[in-house]
>>> print(open('start.tsv').read())   # TSV, C-alpha atoms (C1' of nucleotides)
chain	number	residue	atom	x	y	z
A	132	MET	CA	118.47	42.04	20.00
A	133	ASP	CA	119.60	40.92	16.59
A	134	LEU	CA	119.43	37.22	17.21
A	135	TYR	CA	121.21	36.22	14.07
A	136	GLN	CA	124.15	38.52	14.52
A	137	ASN	CA	124.68	38.56	18.23
A	138	SER	CA	123.60	35.41	19.97
A	139	VAL	CA	126.10	33.02	21.44
A	140	GLY	CA	124.11	30.19	19.89
A	141	MET	CA	124.76	31.49	16.39
A	142	ALA	CA	128.44	31.96	17.04
A	143	LEU	CA	128.52	28.44	18.40
A	144	ALA	CA	126.68	26.96	15.44
A	145	GLN	CA	129.01	28.62	12.98
A	146	LEU	CA	132.11	27.64	14.89
A	147	CYS	CA	130.90	24.07	15.00
A	148	ARG	CA	130.82	23.79	11.23
A	149	ALA	CA	134.26	25.34	10.89
A	150	ASN	CA	135.64	23.08	13.59
A	151	ARG	CA	134.15	19.97	12.03
A	152	GLN	CA	135.33	20.95	8.60
A	153	TYR	CA	138.86	21.52	9.83
A	154	VAL	CA	139.00	18.12	11.49
A	155	ASP	CA	137.42	16.46	8.46
A	156	ASP	CA	140.02	17.94	6.13
A	157	GLU	CA	142.86	16.74	8.32
A	158	LEU	CA	141.42	13.28	8.89
A	159	ARG	CA	140.81	12.83	5.18
A	160	LYS	CA	144.57	12.92	4.66
A	161	ILE	CA	144.93	9.76	6.72
A	162	GLY	CA	141.85	8.07	5.32
A	163	LEU	CA	139.35	8.76	8.09
A	164	HIS	CA	136.04	10.57	8.21
A	165	VAL	CA	135.14	13.04	10.90
A	166	GLY	CA	133.41	11.23	13.73
A	167	GLN	CA	135.33	8.01	13.23
A	168	GLU	CA	138.19	9.33	15.32
A	169	MET	CA	135.82	9.39	18.29
A	170	ILE	CA	135.28	5.65	17.96
A	171	LEU	CA	139.02	5.18	17.82
A	172	PHE	CA	139.67	7.41	20.84
A	173	GLN	CA	137.44	5.12	22.88
A	174	LEU	CA	139.10	1.98	21.57
A	175	TRP	CA	142.60	3.28	22.24
A	176	ALA	CA	141.53	3.84	25.83
A	177	GLU	CA	139.73	0.50	26.14
A	178	ASP	CA	139.53	-2.28	23.59
A	179	GLY	CA	136.56	-4.63	23.37
A	180	LEU	CA	133.73	-2.19	24.01
A	181	SER	CA	130.19	-3.13	23.03
A	182	GLN	CA	128.29	-1.09	20.49
A	183	SER	CA	125.87	0.32	23.01
A	184	GLN	CA	128.82	1.51	25.05
A	185	PHE	CA	129.96	3.53	22.07
A	186	ALA	CA	126.53	5.05	21.66
A	187	GLU	CA	126.57	6.15	25.27
A	188	LYS	CA	130.13	7.45	25.32
A	189	LEU	CA	129.85	9.31	22.02
A	190	CYS	CA	126.35	10.61	22.77
A	191	VAL	CA	125.00	9.26	19.50
A	192	GLU	CA	122.17	6.85	18.73
A	193	PRO	CA	122.72	3.10	18.27
A	194	PRO	CA	122.00	3.07	14.51
A	195	THR	CA	124.74	5.65	14.01
A	196	VAL	CA	127.18	3.37	15.77
A	197	THR	CA	126.10	0.35	13.74
A	198	LYS	CA	126.72	2.06	10.43
A	199	MET	CA	130.00	3.65	11.44
A	200	LEU	CA	131.35	0.36	12.73
A	201	GLN	CA	130.25	-1.45	9.58
A	202	ARG	CA	132.19	1.00	7.46
A	203	MET	CA	135.19	1.04	9.74
A	204	GLU	CA	135.24	-2.75	9.78
A	205	ALA	CA	135.10	-2.75	5.98
A	206	GLY	CA	138.01	-0.32	6.12
A	207	GLN	CA	140.02	-2.75	8.27
A	208	LEU	CA	140.19	-0.36	11.20
A	209	LEU	CA	138.51	-2.74	13.63
A	210	VAL	CA	136.71	-6.07	13.93
A	211	ARG	CA	133.48	-7.03	15.65
A	212	ARG	CA	133.26	-10.32	17.53
A	213	PRO	CA	130.25	-11.76	19.37
A	214	ASP	CA	130.46	-11.75	23.14
A	215	PRO	CA	130.95	-15.32	24.38
A	216	ASP	CA	128.56	-14.89	27.32
A	217	ASP	CA	125.77	-12.81	25.79
A	218	ALA	CA	124.83	-13.49	22.22
A	219	ARG	CA	123.14	-10.11	21.85
A	220	ILE	CA	126.34	-8.19	22.36
A	221	SER	CA	129.02	-7.72	19.75
A	222	ARG	CA	132.34	-6.40	20.94
A	223	VAL	CA	134.72	-4.23	18.99
A	224	PHE	CA	138.48	-4.69	18.76
A	225	LEU	CA	141.19	-2.68	17.07
A	226	THR	CA	143.15	-4.07	14.15
A	227	GLU	CA	146.79	-3.22	13.55
A	228	LYS	CA	145.67	-0.55	11.16
A	229	GLY	CA	143.34	0.96	13.71
A	230	ARG	CA	146.07	0.91	16.32
A	231	SER	CA	148.55	2.53	13.94
A	232	LEU	CA	146.38	5.62	13.58
A	233	GLU	CA	146.62	6.61	17.23
A	234	GLU	CA	149.66	8.82	16.78
A	235	PRO	CA	148.54	10.72	13.67
A	236	VAL	CA	145.01	11.26	14.95
A	237	LYS	CA	146.14	12.54	18.31
A	238	LYS	CA	148.55	14.82	16.52
A	239	ILE	CA	145.71	16.27	14.49
A	240	TRP	CA	143.73	16.96	17.62
A	241	GLU	CA	146.67	18.51	19.36
A	242	GLU	CA	147.26	20.79	16.42
A	243	LEU	CA	143.59	21.68	16.35
A	244	ASP	CA	143.78	22.63	19.98
A	245	THR	CA	146.93	24.68	19.55
A	246	ARG	CA	145.58	26.44	16.54
A	247	SER	CA	142.13	27.20	17.93
A	248	MET	CA	143.50	28.48	21.22
A	249	SER	CA	145.88	30.93	19.60
A	250	GLY	CA	145.37	34.33	21.16
A	251	ILE	CA	143.42	32.97	24.11
A	252	SER	CA	145.15	32.95	27.48
A	253	LEU	CA	145.30	29.88	29.66
A	254	PRO	CA	142.91	31.21	32.31
A	255	GLU	CA	140.51	32.15	29.53
A	256	GLN	CA	140.81	28.67	28.08
A	257	MET	CA	139.91	27.14	31.41
A	258	LEU	CA	136.95	29.43	31.77
A	259	LEU	CA	135.92	28.63	28.21
A	260	ARG	CA	136.03	24.92	28.81
A	261	ARG	CA	134.03	25.30	32.00
A	262	MET	CA	131.41	27.33	30.17
A	263	LEU	CA	131.17	24.82	27.33
A	264	LEU	CA	130.57	22.01	29.81
A	265	GLN	CA	128.03	24.15	31.63
A	266	ILE	CA	126.13	24.86	28.42
A	267	HIS	CA	126.22	21.20	27.52
A	268	GLU	CA	124.68	20.40	30.87
A	269	ASN	CA	122.09	23.14	30.48
A	270	LEU	CA	120.96	21.65	27.19
A	271	THR	CA	120.84	18.00	28.13
A	272	LYS	CA	119.37	17.94	31.60
B	122	MET	CA	147.57	15.95	28.90
B	123	ASP	CA	144.62	13.67	28.48
B	124	LEU	CA	143.47	14.96	25.15
B	125	TYR	CA	140.16	13.23	25.15
B	126	GLN	CA	139.11	14.32	28.60
B	127	ASN	CA	140.51	17.79	28.87
B	128	SER	CA	140.81	19.55	25.56
B	129	VAL	CA	138.59	22.45	24.66
B	130	GLY	CA	138.16	20.89	21.22
B	131	MET	CA	136.51	17.80	22.66
B	132	ALA	CA	134.23	19.84	24.89
B	133	LEU	CA	133.32	21.87	21.84
B	134	ALA	CA	132.65	18.84	19.67
B	135	GLN	CA	130.38	17.30	22.27
B	136	LEU	CA	128.53	20.52	22.90
B	137	CYS	CA	127.97	20.91	19.19
B	138	ARG	CA	126.11	17.65	18.95
B	139	ALA	CA	123.98	18.48	21.98
B	140	ASN	CA	123.26	21.94	20.63
B	141	ARG	CA	122.34	20.65	17.20
B	142	GLN	CA	120.19	17.92	18.69
B	143	TYR	CA	118.33	20.37	20.87
B	144	VAL	CA	117.57	22.67	17.95
B	145	ASP	CA	116.61	19.73	15.76
B	146	ASP	CA	114.12	18.46	18.33
B	147	GLU	CA	112.49	21.85	18.64
B	148	LEU	CA	112.40	22.52	14.90
B	149	ARG	CA	110.88	19.12	14.25
B	150	LYS	CA	107.79	20.25	16.14
B	151	ILE	CA	107.17	22.92	13.54
B	152	GLY	CA	108.12	20.77	10.57
B	153	LEU	CA	111.67	21.99	9.95
B	154	HIS	CA	115.04	20.27	9.93
B	155	VAL	CA	118.08	21.69	11.65
B	156	GLY	CA	120.00	23.82	9.19
B	157	GLN	CA	116.92	24.94	7.30
B	158	GLU	CA	116.29	27.68	9.82
B	159	MET	CA	119.57	29.27	8.68
B	160	ILE	CA	118.22	29.59	5.16
B	161	LEU	CA	115.08	31.15	6.57
B	162	PHE	CA	117.00	33.57	8.79
B	163	GLN	CA	118.69	34.92	5.70
B	164	LEU	CA	115.45	35.21	3.77
B	165	TRP	CA	113.67	36.99	6.59
B	166	ALA	CA	116.44	39.53	6.51
B	167	GLU	CA	116.53	39.79	2.73
B	168	ASP	CA	114.26	38.11	0.22
B	169	GLY	CA	115.41	37.19	-3.27
B	170	LEU	CA	118.93	35.99	-2.52
B	171	SER	CA	120.76	33.85	-5.05
B	172	GLN	CA	121.86	30.37	-4.18
B	173	SER	CA	125.53	31.24	-4.12
B	174	GLN	CA	124.76	34.00	-1.67
B	175	PHE	CA	123.33	31.40	0.67
B	176	ALA	CA	126.41	29.25	0.33
B	177	GLU	CA	128.58	32.17	1.28
B	178	LYS	CA	126.44	33.43	4.15
B	179	LEU	CA	125.88	30.00	5.66
B	180	CYS	CA	129.47	28.89	5.09
B	181	VAL	CA	128.36	25.75	3.27
B	182	GLU	CA	129.09	24.42	-0.20
B	183	PRO	CA	126.83	25.05	-3.20
B	184	PRO	CA	125.56	21.46	-3.52
B	185	THR	CA	124.36	21.63	0.08
B	186	VAL	CA	122.35	24.72	-0.75
B	187	THR	CA	120.90	23.14	-3.87
B	188	LYS	CA	119.60	20.14	-1.99
B	189	MET	CA	118.25	22.09	0.94
B	190	LEU	CA	116.43	24.51	-1.32
B	191	GLN	CA	114.97	21.68	-3.37
B	192	ARG	CA	113.52	20.10	-0.27
B	193	MET	CA	112.34	23.38	1.17
B	194	GLU	CA	110.70	24.28	-2.12
B	195	ALA	CA	108.98	20.88	-2.14
B	196	GLY	CA	107.85	21.71	1.40
B	197	GLN	CA	106.31	25.00	0.20
B	198	LEU	CA	108.62	27.10	2.35
B	199	LEU	CA	110.05	29.05	-0.59
B	200	VAL	CA	110.15	29.29	-4.38
B	201	ARG	CA	113.03	29.66	-6.80
B	202	ARG	CA	112.69	31.93	-9.80
B	203	PRO	CA	115.26	32.62	-12.53
B	204	ASP	CA	116.91	36.03	-12.45
B	205	PRO	CA	115.60	38.16	-15.35
B	206	ASP	CA	119.02	39.66	-16.12
B	207	ASP	CA	121.32	36.67	-15.65
B	208	ALA	CA	120.06	33.28	-16.73
B	209	ARG	CA	122.65	31.48	-14.58
B	210	ILE	CA	121.23	32.82	-11.36
B	211	SER	CA	118.15	31.53	-9.60
B	212	ARG	CA	116.71	33.68	-6.85
B	213	VAL	CA	114.90	32.48	-3.78
B	214	PHE	CA	111.70	33.96	-2.36
B	215	LEU	CA	109.69	33.18	0.74
B	216	THR	CA	106.18	31.78	0.51
B	217	GLU	CA	103.48	32.63	3.00
B	218	LYS	CA	104.33	29.45	4.84
B	219	GLY	CA	108.00	30.38	4.99
B	220	ARG	CA	107.14	33.82	6.26
B	221	SER	CA	104.81	32.43	8.89
B	222	LEU	CA	107.61	30.49	10.55
B	223	GLU	CA	109.61	33.56	11.51
B	224	GLU	CA	108.02	33.97	14.91
B	225	PRO	CA	108.18	30.35	16.06
B	226	VAL	CA	111.72	29.83	14.81
B	227	LYS	CA	113.04	32.96	16.45
B	228	LYS	CA	111.31	31.92	19.64
B	229	ILE	CA	113.11	28.58	19.55
B	230	TRP	CA	116.44	30.32	19.16
B	231	GLU	CA	115.69	32.74	21.94
B	232	GLU	CA	114.79	29.90	24.25
B	233	LEU	CA	117.93	28.07	23.24
B	234	ASP	CA	119.95	31.12	24.14
B	235	THR	CA	118.22	31.61	27.46
B	236	ARG	CA	118.54	27.98	28.37
B	237	SER	CA	122.15	27.54	27.36
B	238	MET	CA	123.27	30.69	29.14
B	239	SER	CA	121.71	29.72	32.43
B	240	GLY	CA	124.31	30.09	35.18
B	241	ILE	CA	126.65	32.14	33.01
B	242	SER	CA	126.96	35.82	33.82
B	243	LEU	CA	126.59	38.51	31.20
B	244	PRO	CA	130.27	39.51	31.21
B	245	GLU	CA	131.15	35.84	30.87
B	246	GLN	CA	128.72	35.51	27.96
B	247	MET	CA	130.38	38.39	26.19
B	248	LEU	CA	133.80	36.90	26.73
B	249	LEU	CA	132.51	33.55	25.56
B	250	ARG	CA	131.13	34.98	22.36
B	251	ARG	CA	134.37	36.81	21.71
B	252	MET	CA	136.34	33.63	22.22
B	253	LEU	CA	134.08	31.63	19.92
B	254	LEU	CA	134.55	34.20	17.17
B	255	GLN	CA	138.28	34.21	17.79
B	256	ILE	CA	138.49	30.42	17.50
B	257	HIS	CA	136.41	30.52	14.35
B	258	GLU	CA	138.86	32.97	12.88
B	259	ASN	CA	141.83	30.91	14.03
B	260	LEU	CA	140.46	27.89	12.19
B	261	THR	CA	139.46	29.52	8.94
B	262	LYS	CA	142.23	31.97	8.18
C	85	DC	C1'	107.96	-23.01	33.03
C	86	DT	C1'	106.08	-19.99	30.04
C	87	DA	C1'	104.51	-15.35	28.69
C	88	DT	C1'	106.06	-10.77	28.88
C	89	DA	C1'	109.30	-7.17	29.12
C	90	DT	C1'	113.81	-5.48	28.42
C	91	DT	C1'	118.24	-5.12	26.02
C	92	DA	C1'	121.48	-5.11	21.89
C	93	DT	C1'	121.79	-4.54	17.30
C	94	DT	C1'	120.18	-3.97	12.65
C	95	DT	C1'	117.41	-2.23	8.62
C	96	DA	C1'	114.98	1.34	6.18
C	97	DG	C1'	114.54	5.81	5.03
C	98	DG	C1'	115.42	10.80	5.59
C	99	DT	C1'	118.49	15.17	6.34
C	100	DG	C1'	122.58	18.19	6.37
C	101	DG	C1'	127.13	18.31	4.70
C	102	DC	C1'	131.08	17.27	1.59
C	103	DT	C1'	133.90	16.38	-2.97
C	104	DA	C1'	134.19	15.49	-7.87
C	105	DA	C1'	132.50	16.04	-12.14
C	106	DC	C1'	129.10	18.13	-15.35
C	107	DT	C1'	126.09	21.68	-17.75
C	108	DA	C1'	125.01	26.12	-19.14
C	109	DA	C1'	125.50	30.99	-19.29
C	110	DA	C1'	128.24	35.18	-18.90
C	111	DT	C1'	132.72	37.44	-19.07
C	112	DT	C1'	137.22	38.30	-20.65
C	113	DG	C1'	141.21	38.44	-23.94
C	114	DG	C1'	143.68	38.15	-27.98
D	125	DC	C1'	134.42	38.62	-32.91
D	126	DC	C1'	135.24	34.32	-31.30
D	127	DA	C1'	137.87	31.18	-28.08
D	128	DA	C1'	139.03	30.47	-23.40
D	129	DT	C1'	137.97	31.26	-18.70
D	130	DT	C1'	135.06	32.12	-14.94
D	131	DT	C1'	130.65	31.79	-12.56
D	132	DA	C1'	126.07	29.54	-11.06
D	133	DG	C1'	123.76	25.52	-10.31
D	134	DT	C1'	123.03	20.61	-10.62
D	135	DT	C1'	123.84	15.57	-10.30
D	136	DA	C1'	126.02	11.54	-8.31
D	137	DG	C1'	127.75	9.42	-4.58
D	138	DC	C1'	129.71	9.28	0.07
D	139	DC	C1'	129.40	9.96	5.31
D	140	DA	C1'	127.57	11.23	10.05
D	141	DC	C1'	123.34	11.76	12.26
D	142	DC	C1'	118.51	10.95	13.29
D	143	DT	C1'	113.75	8.37	14.06
D	144	DA	C1'	110.77	4.38	13.52
D	145	DA	C1'	110.30	-0.23	13.31
D	146	DA	C1'	112.09	-5.04	13.17
D	147	DT	C1'	114.89	-9.04	14.97
D	148	DA	C1'	116.93	-11.80	18.27
D	149	DA	C1'	118.48	-13.01	22.73
D	150	DT	C1'	118.33	-12.40	27.74
D	151	DA	C1'	115.95	-11.37	31.98
D	152	DT	C1'	111.82	-11.17	34.67
D	153	DA	C1'	107.13	-12.17	36.43
D	154	DG	C1'	103.25	-14.83	37.27
>>> encode(input="start.tsv", output="structure tokens")
Amino acid sequence: MDLYQNSVGMALAQLCRANRQYVDDELRKIGLHVGQEMILFQLWAEDGLSQSQFAEKLCVEPPTVTKMLQRMEAGQLLVRRPDPDDARISRVFLTEKGRSLEEPVKKIWEELDTRSMSGISLPEQMLLRRMLLQIHENLTK
Amino acid sequence: MDLYQNSVGMALAQLCRANRQYVDDELRKIGLHVGQEMILFQLWAEDGLSQSQFAEKLCVEPPTVTKMLQRMEAGQLLVRRPDPDDARISRVFLTEKGRSLEEPVKKIWEELDTRSMSGISLPEQMLLRRMLLQIHENLTK
DNA sequence: CTATATTATTTAGGTGGCTAACTAAATTGG
DNA sequence: CCAATTTAGTTAGCCACCTAAATAATATAG
């Protein structure tokens, strides 16, 4: 088999870059970098998370979280405050600015979803999502 | 709809990181970084490509290619030589070392494919691949 | 109660990827 | 034939990621 032309893995890898690029372009317009919206998604759902909780939820390593939060704090999107009970933990809270981005960011993701799913039926979409989760599980367990 | 939990886009974004991480881990064992294998795939198919050809084939920007090639040249995987007919162009050729990695890299990708597709039937795989290509097209056109 | 282990975060350094701005060479047009 | 444009690559600087190693605070074991 021609691995490069025909494998699902290659199609996936190429789609990933296009997907990321699309989101990056859109987020740039509202002053965010791709990846940062994932931090915000978590905070919109639950404020005051610790940094290690982000690492776990986003499936990234702790140093990645540290740096992203430093930049986002510098950008006034959030603040970090020490946990009163455990001095090792620093907890993250949204600022007004961070809160104000919820609408535009969710809109971007909704448009992404609409656009990417064009020409794919609803049953196919469900199957697709199930397969993506399955593959994810196959690769991580 | 709970965008974060249910959208195909989120499932895709998460799978992408897992996929990339898996490939990165495997490539590390043979001294490569994720992304570099794409350069090599192209060279194994056709030696002597120009740098802009890589940018186009890999769907990345020229500066990305420049940096990757610089590092890969430093790592003895390839060499860059000026084109005899057009002094603007520099062409890329495999070294012995670069050529020697074809087998192990292709094996990694085959194993990735086998592993990710576990539990997904062949017809489903074909549908999946078609959908991935469709989404890619939806996002880039 | 103290030594050890674990947990949370950071720092340092490297890679792929991007945009903006620059150089140099080839092509095109008046 | 020469000026203006296009093309090919690079440099600078930013960001998300990673691993390895350090720091500091809490929890555990003897």
>>> residues_around(input="start.tsv", residues="range 141-152 of chain D", least_positions_apart="4", cutoff="7 Å", atoms="only C-alpha atoms (C1' of nucleotides)", output="PyMOL selection string")
chain A and resi 195+218-219
>>> residues_near_point(input="start.tsv", point="(126.4, 12.8, 9.0)", cutoff="8 Å", atoms="all atoms listed in the file", output="ChimeraX atom specification")
/C:100-101 /D:139-141
>>> atom_distance(input="start.tsv", atom1="CA of Arg202 in chain A", atom2="CA of Gly229 in chain A")
12.8 Å
>>> interface_residues(input="start.tsv", of="chain B", to="chain D", cutoff="10 Å", atoms="all atoms listed in the file", output="VMD selection string")
chain B and resid 138 142 145 171 to 173 183 to 184 186 to 188 207 to 211
>>> atom_distance(input="start.tsv", atom1="CA of Phe224 in chain A", atom2="CA of Leu158 in chain A")
20.7 Å
>>> closest_residue(input="start.tsv", among="B:Gln255, B:Thr216, B:Gln135, B:Gln157", to="chain C", atoms="only C-alpha atoms (C1' of nucleotides)")
B:Gln157
>>> atom_distance(input="start.tsv", atom1="CA of His267 in chain A", atom2="CA of Leu161 in chain B")
25.7 Å
>>> interface_residues(input="start.tsv", of="chain C", to="chain B", cutoff="10 Å", atoms="all atoms listed in the file", output="mmCIF file with C-alpha atoms (C1' of nucleotides), in the frame of the given file")
data_model
loop_
_atom_site.group_PDB
_atom_site.id
_atom_site.type_symbol
_atom_site.label_atom_id
_atom_site.label_comp_id
_atom_site.auth_asym_id
_atom_site.auth_seq_id
_atom_site.Cartn_x
_atom_site.Cartn_y
_atom_site.Cartn_z
ATOM 1 C "C1'" DT C 99 118.490 15.170 6.340
ATOM 2 C "C1'" DG C 100 122.580 18.190 6.370
ATOM 3 C "C1'" DG C 101 127.130 18.310 4.700
ATOM 4 C "C1'" DC C 102 131.080 17.270 1.590
ATOM 5 C "C1'" DT C 103 133.900 16.380 -2.970
ATOM 6 C "C1'" DA C 108 125.010 26.120 -19.140
ATOM 7 C "C1'" DA C 109 125.500 30.990 -19.290
ATOM 8 C "C1'" DA C 110 128.240 35.180 -18.900
#
>>> closest_residue(input="start.tsv", among="B:Glu217, B:Asp146, B:Asp204, B:Glu194", to="chain A", atoms="all atoms listed in the file")
B:Asp146
>>> interface_residues(input="start.tsv", of="chain B", to="chain A", cutoff="7 Å", atoms="only C-alpha atoms", output="number ranges by chain")
B: 129-130, 132-133, 136-137, 139-140, 143, 234, 236-239, 249-250, 253-254, 256-257, 259-261
